[in-house]
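Reading through the structure tokens given below for one structure.
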Amino acid sequence: MIKSMTGYGRAVQTLHGREFTVEVRSVNNRYLDCTVRLPRLVSFGEDAVKQAVKAAISRGKVDVFVTIRSEGGDEVKVTLNTSVVVGYLAAMEQMAAEFPVEKDIRVSTLARMPEVFSVEKPQVDEEALLADLMTATAQALSSFDVMRTAEGEALDRDMRRRGETILKLVEQVEQGSGQTVADYRARLENKLREVLANTAIDENRILTEAAIFADKVAVDEETVRLRSHLQQMNDMLSSGGAVGRKLDFLLQEMNREANTIGSKCSDVRLARIVVDIKAELEKIREQVQNVE
């Protein structure tokens, strides 16, 4: 089954006292372009997240957003450096005694002084933290894949349906092409009768001219190749995987055949059918731009 390049996935998991929220979103892009935004706490995990994305996605502009919230706080320990405070107080007392300044020592004043407090952060087990991050990332990628698969199924149905429409139009071109040659021969014969009046008409010359015209407007080779390309498209859709680029190339080939058929069709009705074929091919091409 093919997958769409566009999608969105989100996972929220609480692991070891931390709530991990991972969001994955993507838009169309020729190649895989992944951007990961992580909190400083897990900045070391950027490469691991990118590798997980690379394993799951082949093409697209992918953005991964990670936020982490500690359920009970990470028990940061703040302690008062008593000896430092005693030193500051003594110095301030001396300042008030030796200089004509008001003695207005406050807690808020001391709290702003350097090294009054010591902040101890708990040791972080980076290996365990990374494992939790990757667990949440895997769930987000799974959710993301569900959406891409659903969109891929819709793309598959639409392209197959348009392919069937093109096949029906190709049949009309093939049927009309033979009638065009017969009509040309009839018009040529009538014209010669008008010009030559009672003079005998050279039947071999008419056959020769009709054969030359038939060769010029013959579209058998093009329609056969177009049918083959449409079958290839269906086979690629059935095989699934990252076939977007192959489909894009195949559409170029189908457009080339349609253009050649159009250049050979002198009949107005057939020309209109070819326009319809090209319109359907363009709609398929637009859908292919969304295929991974």
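In the structure tokens, each chain is lettered A, B, ... as it comes, each chain's residues begin at 1, and ligands are numbered from 1 in order of appearance.
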(message) To test your reading of the structure, identify every residue in region 9-128 of chain A that backbone DSSP assigns to helix (DSSP H, G or I), and report it as a VMD selection string.
(response) chain A and resid 40 to 56 82 to 98 107 to 111 126 to 128
(request) Any chance you could list, as a PyMOL selection string, the residues in region 44-126 of chain A that come up strand (DSSP E) when DSSP is run on the backbone? (result) chain A and resi 60-70+77-80+117-120
(request) Show which residues sit within 12 Å of Glu221 (chain A), as a PyMOL selection string. Count only C-alpha atoms, and ignore same-chain residues fewer than 4 positions away. (result) chain A and resi 170+174+215+217+225-228+257-258+260-261+264
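If only C-alpha atoms are the atoms counted, then among A:Gln123, A:Ser43, A:Ser238, A:Gln51 the closest residue to Val76 (chain A) is A:Gln123.
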(request) Rounded to one decimal place, report the CA of Ile105 (chain A)-CA of Thr79 (chain A) distance in Å. (result) 20.6 Å
